[in-house]
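Dropping input_26.cif in here (mmCIF, C-alpha atoms):
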data_coords
#
loop_
_atom_site.group_PDB
_atom_site.id
_atom_site.type_symbol
_atom_site.label_atom_id
_atom_site.label_comp_id
_atom_site.auth_asym_id
_atom_site.auth_seq_id
_atom_site.Cartn_x
_atom_site.Cartn_y
_atom_site.Cartn_z
ATOM 1 C CA MET O 49 -6.292 16.166 5.311
ATOM 2 C CA PRO O 50 -2.836 16.602 6.827
ATOM 3 C CA GLY O 51 -4.096 16.165 10.423
ATOM 4 C CA ASP O 52 -5.567 12.779 9.631
ATOM 5 C CA ASP O 53 -2.474 11.771 7.638
ATOM 6 C CA GLU O 54 -0.288 12.612 10.603
ATOM 7 C CA GLN O 55 -2.325 10.369 12.909
ATOM 8 C CA VAL O 56 -2.341 7.550 10.365
ATOM 9 C CA ARG O 57 1.410 7.871 9.939
ATOM 10 C CA SER O 58 2.001 7.660 13.667
ATOM 11 C CA HIS O 59 -0.273 4.598 13.896
ATOM 12 C CA TYR O 60 1.991 2.808 11.382
ATOM 13 C CA HIS O 61 5.179 3.708 13.186
ATOM 14 C CA GLY O 62 8.135 1.377 13.570
ATOM 15 C CA GLU O 63 11.914 1.393 13.767
ATOM 16 C CA GLN O 64 14.567 -0.549 11.890
ATOM 17 C CA LEU O 65 11.895 -2.900 10.616
ATOM 18 C CA ALA O 66 13.815 -4.311 7.652
ATOM 19 C CA GLU O 67 16.941 -4.811 9.730
ATOM 20 C CA ARG O 68 15.002 -6.641 12.444
ATOM 21 C CA MET O 69 13.152 -8.820 9.927
ATOM 22 C CA LEU O 70 16.345 -9.788 8.105
ATOM 23 C CA ALA O 71 18.102 -10.537 11.416
ATOM 24 C CA ALA O 72 15.205 -12.755 12.512
ATOM 25 C CA LEU O 73 15.390 -14.689 9.255
ATOM 26 C CA ARG O 74 19.160 -15.071 9.518
ATOM 27 C CA ASN O 75 18.850 -16.377 13.069
ATOM 28 C CA ALA O 76 16.366 -18.962 11.824
ATOM 29 C CA GLY O 77 18.693 -19.952 8.987
ATOM 30 C CA LEU O 78 16.301 -18.658 6.306
ATOM 31 C CA GLU O 79 17.047 -16.667 3.155
ATOM 32 C CA PRO O 80 14.975 -13.522 2.533
ATOM 33 C CA SER O 81 12.283 -14.012 -0.111
ATOM 34 C CA PRO O 82 8.695 -12.817 -0.590
ATOM 35 C CA GLU O 83 7.583 -16.135 0.902
ATOM 36 C CA THR O 84 9.844 -16.181 3.983
ATOM 37 C CA LEU O 85 9.093 -12.508 4.748
ATOM 38 C CA ALA O 86 5.340 -12.945 4.291
ATOM 39 C CA PRO O 87 4.471 -13.634 7.964
ATOM 40 C CA ALA O 88 5.626 -10.082 8.788
ATOM 41 C CA ASP O 89 5.027 -7.998 5.668
ATOM 42 C CA GLN O 90 1.511 -8.852 4.467
ATOM 43 C CA PHE O 91 -0.651 -6.461 6.473
ATOM 44 C CA HIS O 92 -4.045 -7.944 5.654
ATOM 45 C CA SER O 93 -6.378 -10.869 6.316
ATOM 46 C CA TYR O 94 -5.271 -14.156 4.745
ATOM 47 C CA GLY O 95 -1.700 -12.822 4.367
ATOM 48 C CA HIS O 96 0.153 -13.689 1.185
ATOM 49 C CA ARG O 97 -2.662 -15.978 -0.008
ATOM 50 C CA ALA O 98 -4.819 -12.859 -0.372
ATOM 51 C CA THR O 99 -2.128 -11.176 -2.449
ATOM 52 C CA ARG O 100 -1.945 -14.174 -4.786
ATOM 53 C CA ASP O 101 -5.739 -14.301 -5.047
ATOM 54 C CA LEU O 102 -5.914 -10.593 -5.791
ATOM 55 C CA ALA O 103 -3.192 -10.813 -8.461
ATOM 56 C CA ALA O 104 -5.060 -13.683 -10.105
ATOM 57 C CA ALA O 105 -8.437 -11.927 -9.839
ATOM 58 C CA ALA O 106 -6.952 -8.810 -11.442
ATOM 59 C CA GLY O 107 -5.453 -10.936 -14.221
ATOM 60 C CA LEU O 108 -2.004 -9.418 -13.756
ATOM 61 C CA GLN O 109 0.400 -10.316 -16.572
ATOM 62 C CA PRO O 110 4.212 -10.378 -16.801
ATOM 63 C CA GLY O 111 5.641 -6.984 -17.675
ATOM 64 C CA GLU O 112 2.589 -5.002 -16.618
ATOM 65 C CA ARG O 113 3.068 -1.833 -14.598
ATOM 66 C CA VAL O 114 1.293 -2.144 -11.266
ATOM 67 C CA LEU O 115 0.790 0.418 -8.512
ATOM 68 C CA ASP O 116 0.179 -0.699 -4.907
ATOM 69 C CA LEU O 117 -1.631 2.016 -2.932
ATOM 70 C CA GLY O 118 -0.623 1.985 0.738
ATOM 71 C CA CYS O 119 2.070 -0.617 0.097
ATOM 72 C CA GLY O 120 3.326 -0.857 3.688
ATOM 73 C CA LEU O 121 6.564 -2.852 3.860
ATOM 74 C CA GLY O 122 6.142 -3.858 0.209
ATOM 75 C CA GLY O 123 5.383 -7.541 0.759
ATOM 76 C CA PRO O 124 2.631 -7.707 -1.887
ATOM 77 C CA ALA O 125 4.739 -5.656 -4.335
ATOM 78 C CA ARG O 126 7.677 -8.060 -4.018
ATOM 79 C CA MET O 127 5.459 -11.122 -4.257
ATOM 80 C CA ILE O 128 3.762 -9.893 -7.437
ATOM 81 C CA ALA O 129 7.075 -8.813 -8.956
ATOM 82 C CA ALA O 130 8.651 -12.197 -8.185
ATOM 83 C CA GLU O 131 5.749 -14.509 -8.994
ATOM 84 C CA VAL O 132 3.963 -12.712 -11.838
ATOM 85 C CA GLY O 133 6.848 -10.687 -13.262
ATOM 86 C CA CYS O 134 5.158 -7.299 -13.035
ATOM 87 C CA ARG O 135 7.004 -4.056 -12.472
ATOM 88 C CA VAL O 136 5.505 -2.808 -9.205
ATOM 89 C CA THR O 137 5.562 0.649 -7.674
ATOM 90 C CA GLY O 138 4.505 1.004 -4.051
ATOM 91 C CA ILE O 139 3.488 4.238 -2.370
ATOM 92 C CA ASP O 140 2.960 4.764 1.357
ATOM 93 C CA LEU O 141 2.769 7.607 3.882
ATOM 94 C CA SER O 142 5.162 5.948 6.314
ATOM 95 C CA PRO O 143 8.835 6.788 5.732
ATOM 96 C CA GLU O 144 9.966 3.761 7.754
ATOM 97 C CA PHE O 145 7.804 1.386 5.724
ATOM 98 C CA ILE O 146 9.196 2.802 2.473
ATOM 99 C CA ARG O 147 12.801 2.755 3.671
ATOM 100 C CA SER O 148 12.396 -0.843 4.830
ATOM 101 C CA ALA O 149 10.493 -1.880 1.689
ATOM 102 C CA ARG O 150 13.454 -0.814 -0.435
ATOM 103 C CA ILE O 151 15.977 -2.666 1.741
ATOM 104 C CA LEU O 152 13.851 -5.822 1.659
ATOM 105 C CA ALA O 153 13.484 -5.628 -2.140
ATOM 106 C CA GLU O 154 17.272 -5.470 -2.449
ATOM 107 C CA ALA O 155 17.666 -8.376 -0.020
ATOM 108 C CA CYS O 156 15.280 -10.428 -2.180
ATOM 109 C CA GLY O 157 17.070 -9.495 -5.413
ATOM 110 C CA LEU O 158 13.963 -7.683 -6.660
ATOM 111 C CA ALA O 159 15.175 -4.088 -6.619
ATOM 112 C CA ASP O 160 15.070 -3.887 -10.426
ATOM 113 C CA ARG O 161 11.343 -4.731 -10.481
ATOM 114 C CA CYS O 162 10.026 -2.965 -7.370
ATOM 115 C CA GLU O 163 10.270 0.657 -6.392
ATOM 116 C CA PHE O 164 8.920 2.480 -3.405
ATOM 117 C CA ILE O 165 7.876 6.085 -3.017
ATOM 118 C CA GLU O 166 6.952 8.126 0.007
ATOM 119 C CA GLY O 167 3.704 9.914 -0.772
ATOM 120 C CA THR O 168 -0.025 10.160 -0.255
ATOM 121 C CA CYS O 169 -2.688 8.203 -2.131
ATOM 122 C CA LEU O 170 -4.827 11.357 -2.116
ATOM 123 C CA ALA O 171 -2.415 13.282 -4.366
ATOM 124 C CA LEU O 172 -0.538 10.712 -6.407
ATOM 125 C CA PRO O 173 2.713 11.884 -7.991
ATOM 126 C CA PHE O 174 2.026 10.063 -11.270
ATOM 127 C CA GLU O 175 0.870 11.240 -14.654
ATOM 128 C CA ASP O 176 -2.517 10.155 -15.958
ATOM 129 C CA ALA O 177 -2.735 6.625 -17.386
ATOM 130 C CA SER O 178 0.645 5.513 -15.974
ATOM 131 C CA PHE O 179 -0.367 2.005 -14.824
ATOM 132 C CA ASP O 180 -1.960 -1.155 -16.248
ATOM 133 C CA ALA O 181 -3.343 -2.080 -12.845
ATOM 134 C CA VAL O 182 -3.749 -0.501 -9.413
ATOM 135 C CA ILE O 183 -4.106 -2.695 -6.341
ATOM 136 C CA THR O 184 -4.800 -1.926 -2.701
ATOM 137 C CA GLN O 185 -5.350 -4.106 0.359
ATOM 138 C CA HIS O 186 -6.710 -3.017 3.740
ATOM 139 C CA VAL O 187 -5.897 0.663 3.245
ATOM 140 C CA VAL O 188 -9.151 2.559 2.724
ATOM 141 C CA MET O 189 -10.206 2.006 6.348
ATOM 142 C CA ASN O 190 -7.770 4.835 7.123
ATOM 143 C CA ILE O 191 -8.961 7.134 4.325
ATOM 144 C CA ALA O 192 -11.722 9.611 5.189
ATOM 145 C CA ASP O 193 -11.804 11.132 1.694
ATOM 146 C CA ARG O 194 -12.703 7.923 -0.117
ATOM 147 C CA ALA O 195 -13.935 9.722 -3.257
ATOM 148 C CA ARG O 196 -10.546 11.328 -3.738
ATOM 149 C CA PHE O 197 -8.685 8.050 -3.145
ATOM 150 C CA TRP O 198 -10.743 6.300 -5.837
ATOM 151 C CA ALA O 199 -10.550 9.289 -8.209
ATOM 152 C CA GLU O 200 -6.756 9.234 -7.988
ATOM 153 C CA ALA O 201 -6.639 5.474 -8.617
ATOM 154 C CA PHE O 202 -8.878 5.991 -11.655
ATOM 155 C CA ARG O 203 -6.783 8.857 -13.003
ATOM 156 C CA VAL O 204 -3.442 7.007 -12.976
ATOM 157 C CA LEU O 205 -4.897 3.887 -14.642
ATOM 158 C CA ARG O 206 -4.717 3.555 -18.401
ATOM 159 C CA PRO O 207 -8.067 3.199 -20.171
ATOM 160 C CA GLY O 208 -9.008 -0.469 -19.880
ATOM 161 C CA GLY O 209 -6.827 -0.857 -16.775
ATOM 162 C CA ARG O 210 -7.977 -2.693 -13.648
ATOM 163 C CA PHE O 211 -8.403 -1.602 -10.057
ATOM 164 C CA ALA O 212 -8.274 -4.560 -7.668
ATOM 165 C CA CYS O 213 -9.012 -4.091 -3.990
ATOM 166 C CA PHE O 214 -9.237 -6.282 -0.920
ATOM 167 C CA ASP O 215 -10.830 -4.190 1.780
ATOM 168 C CA ILE O 216 -12.450 -4.282 5.174
ATOM 169 C CA ILE O 217 -15.948 -2.838 5.052
ATOM 170 C CA ARG O 218 -18.748 -2.364 7.581
ATOM 171 C CA GLY O 219 -20.951 -5.457 7.725
ATOM 172 C CA PRO O 220 -24.710 -5.791 8.254
ATOM 173 C CA ASN O 221 -24.480 -5.996 12.073
ATOM 174 C CA PRO O 222 -24.765 -2.366 13.307
ATOM 175 C CA ALA O 223 -23.310 -3.045 16.798
ATOM 176 C CA PRO O 224 -20.332 -0.821 17.632
ATOM 177 C CA LEU O 225 -16.764 -1.948 16.981
ATOM 178 C CA ALA O 226 -14.351 -2.679 19.808
ATOM 179 C CA PHE O 227 -10.995 -0.921 19.594
ATOM 180 C CA PRO O 228 -8.062 -1.306 19.249
ATOM 181 C CA LEU O 229 -8.208 -2.704 15.717
ATOM 182 C CA PRO O 230 -5.312 -3.505 13.387
ATOM 183 C CA TRP O 231 -5.728 -0.227 11.469
ATOM 184 C CA ALA O 232 -6.712 2.030 14.355
ATOM 185 C CA ARG O 233 -6.265 2.011 18.103
ATOM 186 C CA GLU O 234 -9.196 4.401 18.386
ATOM 187 C CA ALA O 235 -12.126 5.466 16.242
ATOM 188 C CA ALA O 236 -10.619 8.757 15.022
ATOM 189 C CA ILE O 237 -8.648 7.235 12.102
ATOM 190 C CA SER O 238 -11.096 4.426 11.284
ATOM 191 C CA HIS O 239 -13.271 5.310 8.281
ATOM 192 C CA LEU O 240 -15.351 2.303 7.280
ATOM 193 C CA LEU O 241 -18.040 2.193 4.623
ATOM 194 C CA GLY O 242 -20.665 -0.459 3.975
ATOM 195 C CA GLU O 243 -20.912 -2.583 0.849
ATOM 196 C CA GLU O 244 -23.469 -0.404 -0.951
ATOM 197 C CA SER O 245 -21.692 2.894 -0.274
ATOM 198 C CA THR O 246 -18.440 1.322 -1.418
ATOM 199 C CA ARG O 247 -19.973 0.154 -4.674
ATOM 200 C CA GLN O 248 -21.695 3.482 -5.310
ATOM 201 C CA GLY O 249 -18.479 5.384 -4.613
ATOM 202 C CA LEU O 250 -16.420 3.228 -6.970
ATOM 203 C CA GLU O 251 -19.011 3.539 -9.736
ATOM 204 C CA ALA O 252 -19.249 7.294 -9.183
ATOM 205 C CA ALA O 253 -15.470 7.420 -9.733
ATOM 206 C CA GLY O 254 -16.068 5.868 -13.175
ATOM 207 C CA PHE O 255 -15.202 2.210 -12.485
ATOM 208 C CA ARG O 256 -17.241 -0.748 -13.735
ATOM 209 C CA ALA O 257 -17.287 -3.747 -11.410
ATOM 210 C CA GLU O 258 -16.225 -7.055 -12.958
ATOM 211 C CA ARG O 259 -15.917 -9.046 -9.762
ATOM 212 C CA TRP O 260 -17.512 -8.314 -6.414
ATOM 213 C CA GLU O 261 -17.277 -10.810 -3.640
ATOM 214 C CA VAL O 262 -17.725 -10.775 0.122
ATOM 215 C CA VAL O 263 -14.996 -13.095 1.405
ATOM 216 C CA PRO O 264 -15.621 -15.304 4.477
ATOM 217 C CA PRO O 265 -13.769 -14.479 7.715
ATOM 218 C CA PRO O 266 -10.250 -15.922 7.887
ATOM 219 C CA PRO O 267 -9.304 -18.627 10.408
ATOM 220 C CA PRO O 268 -7.998 -17.127 13.667
ATOM 221 C CA ALA O 269 -4.446 -15.805 13.388
ATOM 222 C CA VAL O 270 -1.856 -17.684 15.409
ATOM 223 C CA PHE O 271 1.275 -16.232 16.976
ATOM 224 C CA PRO O 272 3.439 -19.190 18.019
ATOM 225 C CA PRO O 273 6.357 -17.965 20.122
ATOM 226 C CA GLY O 274 9.033 -19.885 18.218
ATOM 227 C CA ARG O 275 8.240 -18.523 14.761
ATOM 228 C CA PRO O 276 10.943 -16.138 13.495
ATOM 229 C CA LEU O 277 8.637 -13.553 11.944
ATOM 230 C CA SER O 278 5.136 -12.338 12.723
ATOM 231 C CA LEU O 279 3.068 -9.176 12.406
ATOM 232 C CA ALA O 280 3.713 -8.551 16.116
ATOM 233 C CA LEU O 281 7.283 -7.628 15.058
ATOM 234 C CA THR O 282 6.249 -5.147 12.365
ATOM 235 C CA ALA O 283 2.772 -3.961 13.379
ATOM 236 C CA GLY O 284 3.273 -3.614 17.144
ATOM 237 C CA ALA O 285 3.382 -5.860 20.203
ATOM 238 C CA ASP O 286 -0.354 -5.258 20.748
ATOM 239 C CA PHE O 287 -1.152 -6.670 17.300
ATOM 240 C CA PRO O 288 -2.560 -9.996 18.595
ATOM 241 C CA GLU O 289 -5.195 -8.125 20.665
ATOM 242 C CA ARG O 290 -6.027 -5.836 17.731
ATOM 243 C CA VAL O 291 -6.439 -8.770 15.341
ATOM 244 C CA ARG O 292 -8.665 -10.631 17.843
ATOM 245 C CA ASN O 293 -11.039 -7.663 17.899
ATOM 246 C CA ALA O 294 -11.158 -7.616 14.103
ATOM 247 C CA GLU O 295 -11.696 -11.383 13.888
ATOM 248 C CA ALA O 296 -14.613 -11.220 16.342
ATOM 249 C CA ALA O 297 -16.234 -8.422 14.325
ATOM 250 C CA LEU O 298 -15.753 -10.344 11.059
ATOM 251 C CA ILE O 299 -17.451 -13.389 12.563
ATOM 252 C CA ASP O 300 -20.490 -11.533 13.958
ATOM 253 C CA GLY O 301 -20.964 -9.405 10.849
ATOM 254 C CA ARG O 302 -19.909 -6.007 12.185
ATOM 255 C CA LEU O 303 -17.151 -6.171 9.565
ATOM 256 C CA ASN O 304 -16.906 -7.851 6.169
ATOM 257 C CA LEU O 305 -14.074 -8.539 3.755
ATOM 258 C CA LEU O 306 -14.603 -7.392 0.187
ATOM 259 C CA LEU O 307 -12.622 -8.495 -2.864
ATOM 260 C CA ALA O 308 -13.425 -6.443 -5.957
ATOM 261 C CA VAL O 309 -11.968 -5.988 -9.426
ATOM 262 C CA LEU O 310 -13.161 -3.010 -11.428
ATOM 263 C CA ARG O 311 -12.244 -1.687 -14.830
ATOM 264 C CA LYS O 312 -11.641 1.811 -16.115
ATOM 265 C CA PRO O 313 -13.612 1.828 -19.370
ATOM 266 C CA ALA O 314 -11.395 1.727 -22.482
ATOM 267 C CA MET T 1480 15.165 5.039 -7.782
ATOM 268 C CA GLU T 1481 15.391 3.937 -11.402
ATOM 269 C CA ARG T 1482 15.540 6.527 -14.173
ATOM 270 C CA LEU T 1483 12.530 4.812 -15.739
ATOM 271 C CA LEU T 1484 10.378 6.155 -12.932
ATOM 272 C CA LEU T 1485 11.004 9.717 -14.127
ATOM 273 C CA GLU T 1486 8.814 8.994 -17.144
ATOM 274 C CA ILE T 1487 5.673 8.730 -15.013
ATOM 275 C CA LEU T 1488 6.419 10.911 -11.976
ATOM 276 C CA CYS T 1489 4.776 14.314 -11.814
ATOM 277 C CA CYS T 1490 4.150 16.982 -9.202
ATOM 278 C CA PRO T 1491 1.492 15.760 -6.731
ATOM 279 C CA VAL T 1492 0.331 19.347 -6.166
ATOM 280 C CA CYS T 1493 -0.126 20.708 -9.715
ATOM 281 C CA ARG T 1494 0.743 17.606 -11.824
ATOM 282 C CA GLY T 1495 3.433 19.633 -13.565
ATOM 283 C CA GLU T 1496 6.485 18.097 -15.206
ATOM 284 C CA LEU T 1497 9.463 17.426 -12.944
ATOM 285 C CA GLU T 1498 13.105 18.152 -13.687
ATOM 286 C CA LEU T 1499 15.852 16.194 -11.950
ATOM 287 C CA ARG T 1500 18.637 18.366 -10.504
ATOM 288 C CA ASP T 1501 21.855 17.656 -8.610
ATOM 289 C CA ALA T 1502 21.472 13.932 -9.166
ATOM 290 C CA GLU T 1503 23.982 11.455 -7.796
ATOM 291 C CA GLU T 1504 23.787 8.008 -9.314
ATOM 292 C CA ALA T 1505 25.187 4.648 -8.281
ATOM 293 C CA GLU T 1506 24.881 1.427 -10.302
ATOM 294 C CA GLY T 1507 22.365 3.040 -12.648
ATOM 295 C CA GLU T 1508 20.111 4.212 -9.816
ATOM 296 C CA ILE T 1509 19.427 7.772 -8.738
ATOM 297 C CA MET T 1510 20.507 7.851 -5.087
ATOM 298 C CA SER T 1511 20.041 11.532 -4.308
ATOM 299 C CA GLY T 1512 18.963 14.761 -5.932
ATOM 300 C CA THR T 1513 15.985 17.055 -6.209
ATOM 301 C CA LEU T 1514 12.929 16.875 -8.420
ATOM 302 C CA VAL T 1515 11.819 20.394 -9.251
ATOM 303 C CA CYS T 1516 8.341 21.068 -10.622
ATOM 304 C CA LEU T 1517 8.500 23.130 -13.807
ATOM 305 C CA GLY T 1518 4.888 24.194 -13.184
ATOM 306 C CA CYS T 1519 4.676 25.456 -9.602
ATOM 307 C CA GLY T 1520 8.353 25.377 -8.588
ATOM 308 C CA GLU T 1521 7.832 22.943 -5.704
ATOM 309 C CA ARG T 1522 10.839 20.732 -4.855
ATOM 310 C CA TYR T 1523 10.875 17.053 -3.921
ATOM 311 C CA PRO T 1524 14.006 15.496 -2.410
ATOM 312 C CA ILE T 1525 15.458 12.102 -3.320
ATOM 313 C CA THR T 1526 17.305 10.641 -0.322
ATOM 314 C CA ASP T 1527 19.007 7.223 -0.175
ATOM 315 C CA GLY T 1528 17.312 6.328 -3.453
ATOM 316 C CA ILE T 1529 13.798 7.192 -2.248
ATOM 317 C CA PRO T 1530 11.818 10.103 -3.665
ATOM 318 C CA ASN T 1531 9.693 11.937 -1.102
ATOM 319 C CA MET T 1532 6.668 12.950 -3.150
ATOM 320 C CA LEU T 1533 4.516 14.167 -0.272
ATOM 321 C CA PRO T 1534 3.051 17.609 -0.819
ATOM 322 C CA PRO T 1535 5.195 20.036 1.209
ATOM 323 C CA ASP T 1536 2.498 20.690 3.839
ATOM 324 C CA GLN T 1537 2.388 16.964 4.663
ATOM 325 C CA ARG T 1538 6.100 16.269 5.163
ATOM 326 C CA ASN T 1539 8.136 15.737 8.347
ATOM 327 C CA GLY T 1540 6.200 12.727 9.525
ATOM 328 C CA GLY T 1541 7.477 9.526 11.017
#

Reformat the file's structure so that it appears as structure tokens.
Amino acid sequence: MPGDDEQVRSHYHGEQLAERMLAALRNAGLEPSPETLAPADQFHSYGHRATRDLAAAAGLQPGERVLDLGCGLGGPARMIAAEVGCRVTGIDLSPEFIRSARILAEACGLADRCEFIEGTCLALPFEDASFDAVITQHVVMNIADRARFWAEAFRVLRPGGRFACFDIIRGPNPAPLAFPLPWAREAAISHLLGEESTRQGLEAAGFRAERWEVVPPPPPAVFPPGRPLSLALTAGADFPERVRNAEAALIDGRLNLLLAVLRKPA
Amino acid sequence: MERLLLEILCCPVCRGELELRDAEEAEGEIMSGTLVCLGCGERYPITDGIPNMLPPDQRNGG
């Protein structure tokens, strides 16, 4: 759906992101690393802790080939490459995210273990069975054609490979959502599913669930003015308002967080 | 991009095999060139070390 893609791409728009992040770190006297960059490059609830939890839940091992669907600025890819020793490929629709992801990987000395590709998760440019694991965090809320997203993830996994996702889903409270939200300033590009539809869709794609867990809402995000890096720098100045709306909906059950690990049968 | 990536990349439209043409390399990395699909003939540019693997009807964003 090119029309939808175009709107999603413009939602995740930014300029000179890597340059601005590296300058902010320099000004604060910090060296670039997956950890120091994390306040601005982990576009999901619980930040880099979620990435570590997901890597552990997926049982990622050194040397494994991992694909990150909707990798954004590549924060999770760099963290997993650095801390687990995987070789990580990130793909994203946003040219600025991909350009910046590559610069940040070089700045962290991780360019030999991370690579970034501009592309769409709905038509992956990889041969079948190319990866040991596929991960994705807070991406499917922007994907209307969920069946195709999951089918592509399934296709590029080797038999026995794992799909690990940390997603926002619709919760049991049917009250309407308040926009703007972190992934959408209006309803047009927000495509949420509930827990049951998500599970049915993943199983219809051929996956078998090994872990399935609704995660409690995170503590409220803080944006202290003196901190060198925050998501307000990379995700937009209105990010604090957008995250407040999401936090309120997570607390009253309009939204839920889902952590799942599924296997492609061997 | 690393040469290793060529082993798993394919055409996102027809999943055909890709051939690298007009490649310029620096420090073992492919910095520019074109990936041409041997199946459907579609072309994917590599610019500043980044392959743009979007199907042609979805390019020109950002």

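Once the PyMOL selection byres ((chain O and resi 255) around 6) is applied to this file, the selection holds Leu250, Glu251, Ala253, Gly254, Arg256, Leu310, Arg311 and Lys312 of chain O.
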
Based on the selection just made, write C-alpha atoms of those residues as an mmCIF file, keeping the file's coordinate frame.
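Final file, again-v2.cif:
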data_model
loop_
_atom_site.group_PDB
_atom_site.id
_atom_site.type_symbol
_atom_site.label_atom_id
_atom_site.label_comp_id
_atom_site.auth_asym_id
_atom_site.auth_seq_id
_atom_site.Cartn_x
_atom_site.Cartn_y
_atom_site.Cartn_z
ATOM 1 C CA LEU O 250 -16.420 3.228 -6.970
ATOM 2 C CA GLU O 251 -19.011 3.539 -9.736
ATOM 3 C CA ALA O 253 -15.470 7.420 -9.733
ATOM 4 C CA GLY O 254 -16.068 5.868 -13.175
ATOM 5 C CA ARG O 256 -17.241 -0.748 -13.735
ATOM 6 C CA LEU O 310 -13.161 -3.010 -11.428
ATOM 7 C CA ARG O 311 -12.244 -1.687 -14.830
ATOM 8 C CA LYS O 312 -11.641 1.811 -16.115
#

Rank T:Ser1511, T:Gln1537, T:Gly1518, T:Glu1481 by their smallest atom-to-atom distance to T:Glu1496, using all atoms listed in the file, and report the top residue only. T:Gly1518

Residues near T:Ile1525, anyone? I mean within 6 Å using all atoms listed in the file, not counting same-chain ones fewer than 5 positions away, as an NGL selection string. :T and (1511-1513 or 1530)

Can you spell out as a count of residues only the set of residues that the PyMOL selection byres ((chain T) within 7 of (chain O)) selects in the structure I just provided? 16

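Nearest residue to T:Leu1517, choosing from T:Glu1498, T:Leu1483, T:Asp1536, T:Glu1503 and counting only C-alpha atoms: T:Glu1498.
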
Decode the PyMOL selection byres ((chain O and resi 128) around 12) for the given file into explicit residues and return them as a PyMOL selection string. chain O and resi 81-83+96-104+106-116+122-127+129-138+153+158+161-162+181+183

Using only C-alpha atoms, which of the listed residues (O:Gly301, O:Pro264, O:Gly157, O:Pro288) sits closest to O:Arg218? O:Gly301

For O:Glu243, which residue among O:Ala212, O:Ile299, O:Leu305, O:Leu225 is the nearest when counting all atoms listed in the file?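 Smallest separation from O:Glu243 among the options: O:Leu305.
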
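Relative to atom CA of O:Ala252, atom CA of O:Ala314 is found at 16.4 Å.
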
In file coordinates, which residues lie within 6 Å of (18.7, 4.4, -8.8) using only C-alpha atoms, given as a ChimeraX atom specification? /T:1480-1481,1507-1510,1528

Do you have the atom CA of O:Leu306-atom CA of O:Gly209 distance handy? 19.8 Å

Go ahead and compute the interatomic distance for atom CA of T:Arg1500 and atom CA of O:Ala149, in Å to one decimal. 25.0 Å

Using all atoms listed in the file, which protein or nucleic acid residues come within 10 Å of T:Glu1521? Drop anything in the same chain fewer than 6 positions from it, and give the result as a VMD selection string. chain T and resid 1490 to 1493 1495 1497 1514 to 1515 1534 to 1535

Let me have the centre and edge lengths in Å, one decimal, of the box along x, y and z around every listed atom of stretch 1517-1532 of chain T with 3 Å of margin on each side, as AutoDock Vina command-line options.
--center_x 11.8 --center_y 15.9 --center_z -7.0 --size_x 20.3 --size_y 25.1 --size_z 19.6
